[in-house]
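Structure record follows, encoded as structure tokens.
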Amino acid sequence: MRDQYGRELTDLRISLTDRCNLRCVYCMPADGIHFRPLDELLADDELLLLVRVAAELGVRKIRLTGGEPTVRPNLVDLVRTIHATPGIEDIALTTNGLLLDRLAAPLAVAGLNRVNVSLDTLDAAKFAAITRGGRVDQVTAGIAAAEAAGLVPIKINAVVVRGFNEDDVVSLAALTLDRPWDVRFIEMMPFSTVGDFAEAGVVKSEETMAKVEAALGPIAPIDLSGDDPARTYRLPGAAGRLGFISTVSNPFCAKCGRLRLTADGRLRLCLLRDDEVDLLTPLRKGASYEEIKEVFRAGAFRRPFGHALAEQMYPQARAMIQIGG
Ligand code: SAM
């Protein structure tokens, strides 16, 4: 399956729920969001049908996200069925890690390959401030459980936010010195719902990189091709790698082949634009399997080239928590 710009679409990110057990300042607006009633979210059988459709159209990699995907009931069963879907070669999970201490092992058995854990700081007080009340020791316990379960390589995603954690990038980067982890620094993306905050808070990758190098030494490039959204580097003698995801200052739209499915059954055509294709309504109105497949394929073909953050066009309709990253 390709889009109108010829980009091959092999990667589908599925938001399993719009609920989350954290309330990160850049992800959820200060006054909260209106969670959708559960019957307006994709049920297990609907979700699995869409995975089959996607796989038949050429999707090979599934990433499960949220909200927080680990709060979805039946997560382990869903992973098992997705794993058994012909064509699906890789399943990853993006999570805040809070529930991994008990879920990592059963998820690995069910067929999950890898996890990305979001962790913006190792400092307990700052973590509580960014997440509006979370406990960082639960995340580190979750990471240890994921590693023990073989969900490797462990990737740590840190959104860098001015005034919250821009100095914590050094201790996060230092994790790679003796651990074979990928620690990736993400520029905060402005969504209208958290707009003023996000605009003022963006720390460009260049600045993060300089801070890491000043403290820990020069970083050597590993992959700057742009095939992966993260440009990757290594600290001198480090076991793991550093990644910089520069969505704002150095977008990678030209090589983006990602599709996203929201928990309420919309195919989101670009993370940072509001264009979506409704799959839930035709599903519930009794469209045939082949008809759904055609809506999916035709929608994916229409993907826009990329975002327009540079022109101050921010996504309006959803907050990040309702898409999944
Ligand atoms: N709850 C899961 C988690 O914490 O990873 C999955 C969903 S969360 C929306 C996915 C990723 O998006 C997290 O790494 C989060 O930090 C990141 N994120 C949320 N809002 C963001 C923003 N405004 N800019 C950049 N990244 C953001």
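Ligands are numbered from 1 in the order shown, residues from 1 within each chain, and chains are lettered A, B, ... in the order they appear in the structure tokens.
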Pick out the residues no farther than 8 Å from ligand 1, counting only C-alpha atoms and all ligand atoms, and list them as a short mmCIF file (atom, residue, chain, number, x, y, z; two decimals) with all heavy atoms, in the first residue's frame.
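Saved result, part_21.cif, follows:
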data_model
loop_
_atom_site.label_atom_id
_atom_site.label_comp_id
_atom_site.auth_asym_id
_atom_site.auth_seq_id
_atom_site.Cartn_x
_atom_site.Cartn_y
_atom_site.Cartn_z
N SER A 15 -4.13 3.25 18.67
CA SER A 15 -4.43 3.71 20.02
C SER A 15 -5.51 2.80 20.60
O SER A 15 -6.60 2.70 20.05
CB SER A 15 -4.91 5.16 20.00
OG SER A 15 -5.36 5.50 21.29
N CYS A 20 -5.85 7.33 30.29
CA CYS A 20 -4.45 7.19 30.71
C CYS A 20 -4.39 7.27 32.23
O CYS A 20 -5.23 7.92 32.86
CB CYS A 20 -3.59 8.28 30.09
SG CYS A 20 -1.81 8.02 30.37
N ASN A 21 -3.38 6.62 32.80
CA ASN A 21 -3.19 6.68 34.25
C ASN A 21 -2.17 7.75 34.64
O ASN A 21 -1.75 7.81 35.79
CB ASN A 21 -2.81 5.30 34.82
CG ASN A 21 -1.78 4.58 33.98
OD1 ASN A 21 -1.25 5.14 33.02
ND2 ASN A 21 -1.48 3.35 34.33
N LEU A 22 -1.76 8.60 33.68
CA LEU A 22 -0.99 9.80 34.00
C LEU A 22 -1.67 10.99 33.31
O LEU A 22 -2.58 10.79 32.49
CB LEU A 22 0.46 9.67 33.53
CG LEU A 22 1.33 8.65 34.28
CD1 LEU A 22 2.73 8.61 33.67
CD2 LEU A 22 1.42 8.96 35.77
N CYS A 24 0.14 13.93 31.73
CA CYS A 24 1.32 14.74 31.40
C CYS A 24 0.92 16.11 30.85
O CYS A 24 -0.01 16.23 30.05
CB CYS A 24 2.19 14.00 30.38
SG CYS A 24 2.78 12.43 31.04
N TYR A 26 2.08 18.19 28.70
CA TYR A 26 2.12 18.53 27.28
C TYR A 26 1.19 17.64 26.45
O TYR A 26 1.07 17.80 25.25
CB TYR A 26 3.56 18.40 26.74
CG TYR A 26 4.22 17.11 27.19
CD1 TYR A 26 3.85 15.90 26.66
CD2 TYR A 26 5.21 17.13 28.17
CE1 TYR A 26 4.43 14.73 27.09
CE2 TYR A 26 5.80 15.97 28.60
CZ TYR A 26 5.40 14.77 28.06
OH TYR A 26 5.97 13.60 28.49
N CYS A 27 0.57 16.68 27.11
CA CYS A 27 -0.21 15.67 26.39
C CYS A 27 -1.70 15.86 26.62
O CYS A 27 -2.51 15.65 25.73
CB CYS A 27 0.22 14.29 26.88
SG CYS A 27 -0.36 12.93 25.89
N MET A 28 -2.03 16.27 27.84
CA MET A 28 -3.43 16.44 28.19
C MET A 28 -3.65 17.89 28.64
O MET A 28 -2.90 18.39 29.47
CB MET A 28 -3.79 15.49 29.32
CG MET A 28 -5.26 15.47 29.60
SD MET A 28 -5.59 14.59 31.12
CE MET A 28 -6.17 13.06 30.52
N THR A 65 -0.53 1.88 21.25
CA THR A 65 -0.32 3.07 22.05
C THR A 65 -1.64 3.47 22.69
O THR A 65 -2.56 2.67 22.80
CB THR A 65 0.33 4.17 21.17
OG1 THR A 65 0.51 5.35 21.94
CG2 THR A 65 -0.45 4.49 19.93
N GLY A 66 -1.73 4.72 23.17
CA GLY A 66 -2.95 5.13 23.86
C GLY A 66 -3.15 6.63 23.71
O GLY A 66 -2.61 7.21 22.77
N GLY A 67 -3.75 7.29 24.65
CA GLY A 67 -3.93 6.97 26.04
C GLY A 67 -2.78 6.08 26.55
O GLY A 67 -1.67 6.18 26.08
N GLU A 68 -3.12 5.27 27.49
CA GLU A 68 -2.12 4.33 27.98
C GLU A 68 -2.59 2.91 27.62
O GLU A 68 -3.61 2.44 28.16
CB GLU A 68 -1.95 4.50 29.50
CG GLU A 68 -1.09 3.45 30.17
CD GLU A 68 0.26 3.20 29.47
OE1 GLU A 68 0.92 4.15 29.04
OE2 GLU A 68 0.65 2.03 29.35
N PRO A 69 -1.90 2.24 26.70
CA PRO A 69 -2.40 0.96 26.18
C PRO A 69 -2.52 -0.12 27.24
O PRO A 69 -3.36 -1.02 27.12
CB PRO A 69 -1.35 0.57 25.13
CG PRO A 69 -0.13 1.36 25.48
CD PRO A 69 -0.61 2.63 26.08
N THR A 94 4.03 1.31 23.03
CA THR A 94 4.49 2.57 23.62
C THR A 94 3.72 2.78 24.91
O THR A 94 2.49 2.82 24.89
CB THR A 94 4.24 3.76 22.66
OG1 THR A 94 4.99 3.54 21.47
CG2 THR A 94 4.69 5.06 23.27
N THR A 95 4.43 2.90 26.01
CA THR A 95 3.77 2.89 27.31
C THR A 95 4.48 3.81 28.29
O THR A 95 5.67 4.10 28.13
CB THR A 95 3.75 1.45 27.87
OG1 THR A 95 3.25 1.46 29.21
CG2 THR A 95 5.14 0.82 27.88
N ASN A 96 3.76 4.22 29.33
CA ASN A 96 4.44 4.96 30.40
C ASN A 96 5.10 4.00 31.39
O ASN A 96 5.76 4.44 32.33
CB ASN A 96 3.47 5.91 31.12
CG ASN A 96 2.29 5.18 31.75
OD1 ASN A 96 2.39 4.04 32.18
ND2 ASN A 96 1.14 5.86 31.81
N GLY A 97 4.91 2.71 31.22
CA GLY A 97 5.64 1.71 31.99
C GLY A 97 5.07 1.38 33.36
O GLY A 97 5.51 0.42 34.01
N ASN A 116 8.61 0.75 24.01
CA ASN A 116 9.17 2.09 24.18
C ASN A 116 8.56 2.62 25.46
O ASN A 116 7.33 2.65 25.58
CB ASN A 116 8.73 3.03 23.05
CG ASN A 116 9.43 2.76 21.75
OD1 ASN A 116 10.05 1.71 21.58
ND2 ASN A 116 9.32 3.69 20.83
N VAL A 117 9.39 3.01 26.39
CA VAL A 117 8.86 3.53 27.65
C VAL A 117 9.10 5.03 27.70
O VAL A 117 10.23 5.49 27.46
CB VAL A 117 9.51 2.83 28.86
CG1 VAL A 117 8.91 3.37 30.16
CG2 VAL A 117 9.32 1.32 28.78
N SER A 118 8.07 5.78 28.03
CA SER A 118 8.20 7.23 28.11
C SER A 118 8.70 7.60 29.49
O SER A 118 8.11 7.20 30.50
CB SER A 118 6.84 7.89 27.85
OG SER A 118 6.36 7.45 26.59
N LEU A 119 9.79 8.34 29.54
CA LEU A 119 10.38 8.72 30.83
C LEU A 119 11.14 10.03 30.62
O LEU A 119 12.15 10.05 29.93
CB LEU A 119 11.32 7.60 31.30
CG LEU A 119 12.12 7.86 32.57
CD1 LEU A 119 11.20 8.07 33.77
CD2 LEU A 119 13.07 6.68 32.86
N ASP A 120 10.63 11.10 31.21
CA ASP A 120 11.18 12.42 30.91
C ASP A 120 12.24 12.86 31.90
O ASP A 120 12.97 13.83 31.65
CB ASP A 120 10.05 13.47 30.91
CG ASP A 120 9.01 13.18 29.84
OD1 ASP A 120 9.33 12.51 28.85
OD2 ASP A 120 7.86 13.64 30.00
N ASN A 157 11.75 7.06 25.72
CA ASN A 157 11.40 8.31 25.02
C ASN A 157 11.26 9.43 26.03
O ASN A 157 10.45 9.32 26.96
CB ASN A 157 10.05 8.17 24.32
CG ASN A 157 10.13 7.29 23.09
OD1 ASN A 157 11.21 7.07 22.54
ND2 ASN A 157 8.99 6.79 22.66
N ALA A 158 12.00 10.50 25.85
CA ALA A 158 11.88 11.65 26.75
C ALA A 158 11.50 12.88 25.94
O ALA A 158 12.21 13.25 24.99
CB ALA A 158 13.21 11.89 27.45
N VAL A 159 10.37 13.47 26.28
CA VAL A 159 10.00 14.76 25.67
C VAL A 159 10.72 15.83 26.49
O VAL A 159 10.66 15.82 27.72
CB VAL A 159 8.47 14.97 25.73
CG1 VAL A 159 8.09 16.33 25.16
CG2 VAL A 159 7.75 13.86 24.98
N ILE A 186 12.81 13.81 22.39
CA ILE A 186 11.77 14.24 21.45
C ILE A 186 11.46 15.72 21.65
O ILE A 186 11.24 16.15 22.80
CB ILE A 186 10.49 13.41 21.69
CG1 ILE A 186 10.80 11.92 21.53
CG2 ILE A 186 9.37 13.85 20.77
CD1 ILE A 186 9.62 11.01 21.89
N GLU A 187 11.46 16.46 20.58
CA GLU A 187 11.01 17.86 20.69
C GLU A 187 9.51 17.87 20.95
O GLU A 187 8.76 17.15 20.27
CB GLU A 187 11.30 18.60 19.38
CG GLU A 187 12.76 18.89 19.16
CD GLU A 187 13.07 19.56 17.82
OE1 GLU A 187 12.16 19.60 16.95
OE2 GLU A 187 14.20 19.99 17.63
N MET A 188 9.10 18.67 21.90
CA MET A 188 7.67 18.75 22.20
C MET A 188 6.93 19.35 21.00
O MET A 188 7.38 20.31 20.39
CB MET A 188 7.46 19.63 23.44
CG MET A 188 6.01 19.69 23.84
SD MET A 188 5.79 20.42 25.46
CE MET A 188 6.65 21.94 25.27
N MET A 189 5.80 18.72 20.68
CA MET A 189 5.03 19.19 19.52
C MET A 189 3.84 20.02 20.00
O MET A 189 3.15 19.62 20.93
CB MET A 189 4.50 18.01 18.72
CG MET A 189 5.60 17.12 18.20
SD MET A 189 4.89 15.57 17.62
CE MET A 189 6.05 14.40 18.29
N PRO A 190 3.61 21.16 19.38
CA PRO A 190 2.50 22.01 19.81
C PRO A 190 1.16 21.50 19.29
O PRO A 190 0.98 21.35 18.09
CB PRO A 190 2.83 23.38 19.22
CG PRO A 190 3.90 23.15 18.22
CD PRO A 190 4.42 21.77 18.33
N PHE A 191 0.28 21.21 20.18
CA PHE A 191 -1.12 20.91 19.84
C PHE A 191 -1.94 22.09 20.33
O PHE A 191 -1.60 22.69 21.36
CB PHE A 191 -1.58 19.64 20.56
CG PHE A 191 -1.10 18.39 19.90
CD1 PHE A 191 0.23 18.03 19.95
CD2 PHE A 191 -1.98 17.58 19.19
CE1 PHE A 191 0.69 16.89 19.33
CE2 PHE A 191 -1.53 16.44 18.55
CZ PHE A 191 -0.19 16.09 18.63
N VAL A 194 -2.83 22.44 24.03
CA VAL A 194 -1.78 22.82 24.99
C VAL A 194 -0.86 23.82 24.31
O VAL A 194 0.32 23.91 24.60
CB VAL A 194 -0.98 21.58 25.48
CG1 VAL A 194 -1.83 20.69 26.36
CG2 VAL A 194 -0.40 20.78 24.32
N ALA A 198 3.08 24.61 24.79
CA ALA A 198 3.98 23.82 23.95
C ALA A 198 4.88 24.71 23.10
O ALA A 198 6.05 24.39 22.89
CB ALA A 198 3.17 22.88 23.07
N ALA A 319 -6.14 16.21 21.27
CA ALA A 319 -4.90 16.35 22.01
C ALA A 319 -4.06 15.10 21.74
O ALA A 319 -4.58 14.09 21.25
CB ALA A 319 -5.20 16.50 23.50
N MET A 320 -2.79 15.14 22.08
CA MET A 320 -1.92 13.99 21.83
C MET A 320 -2.46 12.73 22.50
O MET A 320 -2.38 11.63 21.94
CB MET A 320 -0.52 14.30 22.34
CG MET A 320 0.49 13.24 21.98
SD MET A 320 0.81 13.17 20.23
CE MET A 320 2.59 13.03 20.24
N ILE A 321 -3.01 12.89 23.69
CA ILE A 321 -3.51 11.71 24.41
C ILE A 321 -4.59 10.97 23.61
O ILE A 321 -4.79 9.78 23.77
CB ILE A 321 -4.06 12.11 25.81
CG1 ILE A 321 -4.45 10.88 26.61
CG2 ILE A 321 -5.18 13.11 25.72
CD1 ILE A 321 -4.80 11.16 28.05
N GLN A 322 -5.27 11.69 22.69
CA GLN A 322 -6.32 11.06 21.90
C GLN A 322 -5.78 10.50 20.57
O GLN A 322 -6.56 10.02 19.75
CB GLN A 322 -7.43 12.08 21.59
CG GLN A 322 -8.11 12.60 22.85
CD GLN A 322 -8.83 13.89 22.59
OE1 GLN A 322 -8.23 14.88 22.15
NE2 GLN A 322 -10.11 13.92 22.86
N ILE A 323 -4.47 10.57 20.38
CA ILE A 323 -3.90 10.02 19.14
C ILE A 323 -2.88 8.92 19.46
O ILE A 323 -2.95 7.83 18.94
CB ILE A 323 -3.19 11.13 18.31
CG1 ILE A 323 -4.10 12.32 18.12
CG2 ILE A 323 -2.78 10.55 16.95
CD1 ILE A 323 -3.40 13.52 17.55
N GLY A 324 -1.92 9.28 20.32
CA GLY A 324 -1.00 8.22 20.76
C GLY A 324 0.44 8.39 20.36
O GLY A 324 1.29 7.60 20.73
N GLY A 325 0.76 9.41 19.58
CA GLY A 325 2.18 9.65 19.24
C GLY A 325 2.61 8.82 18.06
O GLY A 325 1.84 8.10 17.45
#
Using the chain letters and numbers from this document, which residues of segment 75-226 of chain A does DSSP assign to strand (DSSP E), as JSON, numbers by chain?
{"A": [90, 91, 92, 93, 94, 95, 114, 115, 116, 117, 118, 155, 156, 157, 158, 159, 160, 182, 183, 184, 185, 186, 187, 220, 221, 222, 223]}
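Residue nearest Gln138 of chain A within the list A:Ala108, A:Val295, A:Leu122, A:Leu280: A:Leu122 [criterion: smallest interatomic distance, only C-alpha atoms].
Counting only C-alpha atoms and comparing A:Arg7, A:Arg52, A:Ala148, A:Thr131, the residue that lies closest to Cys253 of chain A is A:Arg7.
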Pick out the residues sitting within 10 Å of Ile292 of chain A, and hand them over as JSON, numbers by chain; count only C-alpha atoms, and ignore anything fewer than 3 positions along from it in its own chain.
{"A": [49, 50, 53, 279, 280, 282, 283, 286, 287, 288, 289, 295, 296, 297, 298]}
Output file for the residues above (all heavy atoms, as a JSON list (two decimals), in the first residue's frame):
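This went into again_32.json:
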[["chain", "number", "residue", "atom", "x", "y", "z"],
["A", 49, "LEU", "N", -10.40, -6.91, 13.29],
["A", 49, "LEU", "CA", -10.76, -6.93, 11.87],
["A", 49, "LEU", "C", -9.92, -5.89, 11.10],
["A", 49, "LEU", "O", -9.39, -6.17, 10.03],
["A", 49, "LEU", "CB", -12.26, -6.66, 11.70],
["A", 49, "LEU", "CG", -12.79, -6.67, 10.27],
["A", 49, "LEU", "CD1", -14.19, -7.30, 10.25],
["A", 49, "LEU", "CD2", -12.86, -5.28, 9.65],
["A", 50, "LEU", "N", -9.78, -4.71, 11.71],
["A", 50, "LEU", "CA", -9.00, -3.66, 11.03],
["A", 50, "LEU", "C", -7.52, -4.04, 10.94],
["A", 50, "LEU", "O", -6.85, -3.67, 9.98],
["A", 50, "LEU", "CB", -9.20, -2.31, 11.73],
["A", 50, "LEU", "CG", -10.63, -1.74, 11.60],
["A", 50, "LEU", "CD1", -10.78, -0.44, 12.39],
["A", 50, "LEU", "CD2", -11.00, -1.49, 10.13],
["A", 53, "VAL", "N", -7.35, -6.32, 7.95],
["A", 53, "VAL", "CA", -7.45, -5.50, 6.73],
["A", 53, "VAL", "C", -6.09, -4.84, 6.46],
["A", 53, "VAL", "O", -5.57, -4.89, 5.34],
["A", 53, "VAL", "CB", -8.54, -4.42, 6.91],
["A", 53, "VAL", "CG1", -8.40, -3.31, 5.88],
["A", 53, "VAL", "CG2", -9.93, -5.05, 6.84],
["A", 279, "LEU", "N", -13.56, 4.89, 10.04],
["A", 279, "LEU", "CA", -13.75, 3.47, 9.73],
["A", 279, "LEU", "C", -14.83, 2.86, 10.62],
["A", 279, "LEU", "O", -15.46, 1.87, 10.26],
["A", 279, "LEU", "CB", -12.43, 2.71, 9.93],
["A", 279, "LEU", "CG", -11.30, 3.11, 8.99],
["A", 279, "LEU", "CD1", -9.99, 2.47, 9.42],
["A", 279, "LEU", "CD2", -11.63, 2.71, 7.56],
["A", 280, "LEU", "N", -15.04, 3.48, 11.79],
["A", 280, "LEU", "CA", -16.00, 2.90, 12.75],
["A", 280, "LEU", "C", -17.43, 2.93, 12.20],
["A", 280, "LEU", "O", -18.16, 1.94, 12.30],
["A", 280, "LEU", "CB", -15.94, 3.67, 14.08],
["A", 280, "LEU", "CG", -16.80, 3.10, 15.19],
["A", 280, "LEU", "CD1", -16.16, 1.85, 15.76],
["A", 280, "LEU", "CD2", -17.04, 4.12, 16.30],
["A", 282, "PRO", "N", -18.72, 3.03, 9.00],
["A", 282, "PRO", "CA", -19.05, 1.96, 8.04],
["A", 282, "PRO", "C", -19.02, 0.57, 8.66],
["A", 282, "PRO", "O", -19.87, -0.27, 8.34],
["A", 282, "PRO", "CB", -17.99, 2.10, 6.95],
["A", 282, "PRO", "CG", -17.00, 3.09, 7.42],
["A", 282, "PRO", "CD", -17.61, 3.88, 8.54],
["A", 283, "LEU", "N", -18.10, 0.35, 9.59],
["A", 283, "LEU", "CA", -18.05, -0.97, 10.26],
["A", 283, "LEU", "C", -19.38, -1.25, 10.94],
["A", 283, "LEU", "O", -19.94, -2.34, 10.83],
["A", 283, "LEU", "CB", -16.97, -0.95, 11.35],
["A", 283, "LEU", "CG", -15.62, -1.58, 11.10],
["A", 283, "LEU", "CD1", -14.72, -1.37, 12.30],
["A", 283, "LEU", "CD2", -15.75, -3.06, 10.77],
["A", 286, "GLY", "N", -22.53, -2.00, 8.86],
["A", 286, "GLY", "CA", -22.60, -3.29, 8.17],
["A", 286, "GLY", "C", -21.89, -3.34, 6.84],
["A", 286, "GLY", "O", -22.20, -4.20, 6.00],
["A", 287, "ALA", "N", -20.95, -2.44, 6.61],
["A", 287, "ALA", "CA", -20.18, -2.52, 5.36],
["A", 287, "ALA", "C", -19.47, -3.87, 5.29],
["A", 287, "ALA", "O", -19.09, -4.43, 6.32],
["A", 287, "ALA", "CB", -19.16, -1.39, 5.30],
["A", 288, "SER", "N", -19.27, -4.36, 4.07],
["A", 288, "SER", "CA", -18.61, -5.66, 3.92],
["A", 288, "SER", "C", -17.11, -5.52, 4.19],
["A", 288, "SER", "O", -16.57, -4.40, 4.18],
["A", 288, "SER", "CB", -18.82, -6.20, 2.51],
["A", 288, "SER", "OG", -18.05, -5.42, 1.61],
["A", 289, "TYR", "N", -16.47, -6.64, 4.40],
["A", 289, "TYR", "CA", -15.02, -6.66, 4.63],
["A", 289, "TYR", "C", -14.29, -5.95, 3.48],
["A", 289, "TYR", "O", -13.42, -5.12, 3.69],
["A", 289, "TYR", "CB", -14.56, -8.12, 4.75],
["A", 289, "TYR", "CG", -13.13, -8.28, 5.15],
["A", 289, "TYR", "CD1", -12.75, -8.16, 6.48],
["A", 289, "TYR", "CD2", -12.16, -8.54, 4.20],
["A", 289, "TYR", "CE1", -11.42, -8.30, 6.85],
["A", 289, "TYR", "CE2", -10.83, -8.69, 4.56],
["A", 289, "TYR", "CZ", -10.48, -8.57, 5.89],
["A", 289, "TYR", "OH", -9.16, -8.70, 6.24],
["A", 295, "VAL", "N", -12.17, 1.48, 1.87],
["A", 295, "VAL", "CA", -12.18, 2.78, 2.58],
["A", 295, "VAL", "C", -10.80, 3.01, 3.21],
["A", 295, "VAL", "O", -10.24, 4.11, 3.15],
["A", 295, "VAL", "CB", -13.28, 2.81, 3.68],
["A", 295, "VAL", "CG1", -13.24, 4.11, 4.46],
["A", 295, "VAL", "CG2", -14.66, 2.61, 3.07],
["A", 296, "PHE", "N", -10.25, 1.96, 3.78],
["A", 296, "PHE", "CA", -8.93, 2.03, 4.42],
["A", 296, "PHE", "C", -7.88, 2.41, 3.38],
["A", 296, "PHE", "O", -7.11, 3.36, 3.54],
["A", 296, "PHE", "CB", -8.62, 0.66, 5.06],
["A", 296, "PHE", "CG", -7.48, 0.65, 6.03],
["A", 296, "PHE", "CD1", -7.68, 0.28, 7.36],
["A", 296, "PHE", "CD2", -6.19, 0.96, 5.62],
["A", 296, "PHE", "CE1", -6.62, 0.25, 8.27],
["A", 296, "PHE", "CE2", -5.13, 0.92, 6.52],
["A", 296, "PHE", "CZ", -5.35, 0.57, 7.83],
["A", 297, "ARG", "N", -7.85, 1.65, 2.29],
["A", 297, "ARG", "CA", -6.82, 1.85, 1.26],
["A", 297, "ARG", "C", -6.93, 3.24, 0.63],
["A", 297, "ARG", "O", -5.93, 3.96, 0.50],
["A", 297, "ARG", "CB", -6.96, 0.78, 0.17],
["A", 297, "ARG", "CG", -5.76, 0.66, -0.75],
["A", 297, "ARG", "CD", -6.14, 0.00, -2.07],
["A", 297, "ARG", "NE", -7.23, 0.72, -2.75],
["A", 297, "ARG", "CZ", -7.10, 1.88, -3.35],
["A", 297, "ARG", "NH1", -5.93, 2.48, -3.41],
["A", 297, "ARG", "NH2", -8.15, 2.48, -3.93],
["A", 298, "ALA", "N", -8.17, 3.63, 0.29],
["A", 298, "ALA", "CA", -8.35, 4.93, -0.36],
["A", 298, "ALA", "C", -8.01, 6.07, 0.60],
["A", 298, "ALA", "O", -7.43, 7.09, 0.20],
["A", 298, "ALA", "CB", -9.80, 5.06, -0.85]]
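Close contacts of Leu151 of chain A, defined as residues with an atom at most 12 Å away when counting only C-alpha atoms, with chain neighbours fewer than 5 positions off set aside, comprise A:Asp90, A:Ile91, A:Ala92, A:Leu93, A:Thr94, A:Leu100, A:Leu103, A:Ala104, A:Ala105, A:Pro106, A:Leu107, A:Ala108, A:Val109, A:Ala110, A:Gly111, A:Leu112, A:Asn113, A:Arg114, A:Val115, A:Asn116, A:Val117, A:Gly142, A:Ile143, A:Ala144, A:Ala145, A:Ala146, A:Trp181.
Our summary of the geometry notes that atom CA of Ala254 of chain A is positioned 13.9 Å from atom CA of Ala230 of chain A.
Each of A:Arg284, A:Arg241, A:Arg234, A:Arg23 was compared to Ile130 of chain A using only C-alpha atoms, and A:Arg23 turns out to be the nearest.
Going from atom CA of Asp227 of chain A over to atom CA of Leu9 of chain A, you cover 13.3 Å.
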Do you know which residues are at most 10 Å from Phe35 of chain A counting only C-alpha atoms, after dropping those on the same chain fewer than 3 positions away, and could you put them as an MDAnalysis selection string?
chainID A and resid 17:19 32 38 40 322
Could you please take those selected residues and save N, CA, C and O atoms as a JSON list (two decimals), in the first residue's frame?
[["chain", "number", "residue", "atom", "x", "y", "z"],
["A", 17, "THR", "N", -6.90, 2.98, 23.61],
["A", 17, "THR", "CA", -7.84, 3.65, 24.52],
["A", 17, "THR", "C", -7.50, 5.12, 24.57],
["A", 17, "THR", "O", -6.35, 5.51, 24.31],
["A", 18, "ASP", "N", -8.49, 5.96, 24.92],
["A", 18, "ASP", "CA", -8.16, 7.38, 25.12],
["A", 18, "ASP", "C", -7.90, 7.67, 26.60],
["A", 18, "ASP", "O", -7.60, 8.79, 26.97],
["A", 19, "ARG", "N", -7.99, 6.62, 27.45],
["A", 19, "ARG", "CA", -7.74, 6.82, 28.88],
["A", 19, "ARG", "C", -6.26, 6.67, 29.20],
["A", 19, "ARG", "O", -5.55, 5.94, 28.51],
["A", 32, "GLY", "N", -8.36, 18.94, 31.45],
["A", 32, "GLY", "CA", -8.73, 17.55, 31.16],
["A", 32, "GLY", "C", -9.30, 17.41, 29.76],
["A", 32, "GLY", "O", -9.36, 18.37, 28.99],
["A", 38, "LEU", "N", -17.37, 4.33, 26.29],
["A", 38, "LEU", "CA", -16.69, 3.13, 25.83],
["A", 38, "LEU", "C", -17.32, 2.55, 24.56],
["A", 38, "LEU", "O", -16.62, 1.98, 23.72],
["A", 40, "GLU", "N", -18.27, 4.04, 22.10],
["A", 40, "GLU", "CA", -17.84, 4.77, 20.89],
["A", 40, "GLU", "C", -16.39, 4.45, 20.53],
["A", 40, "GLU", "O", -15.81, 5.04, 19.64],
["A", 322, "GLN", "N", -5.27, 11.69, 22.69],
["A", 322, "GLN", "CA", -6.32, 11.06, 21.90],
["A", 322, "GLN", "C", -5.78, 10.50, 20.57],
["A", 322, "GLN", "O", -6.56, 10.02, 19.75]]
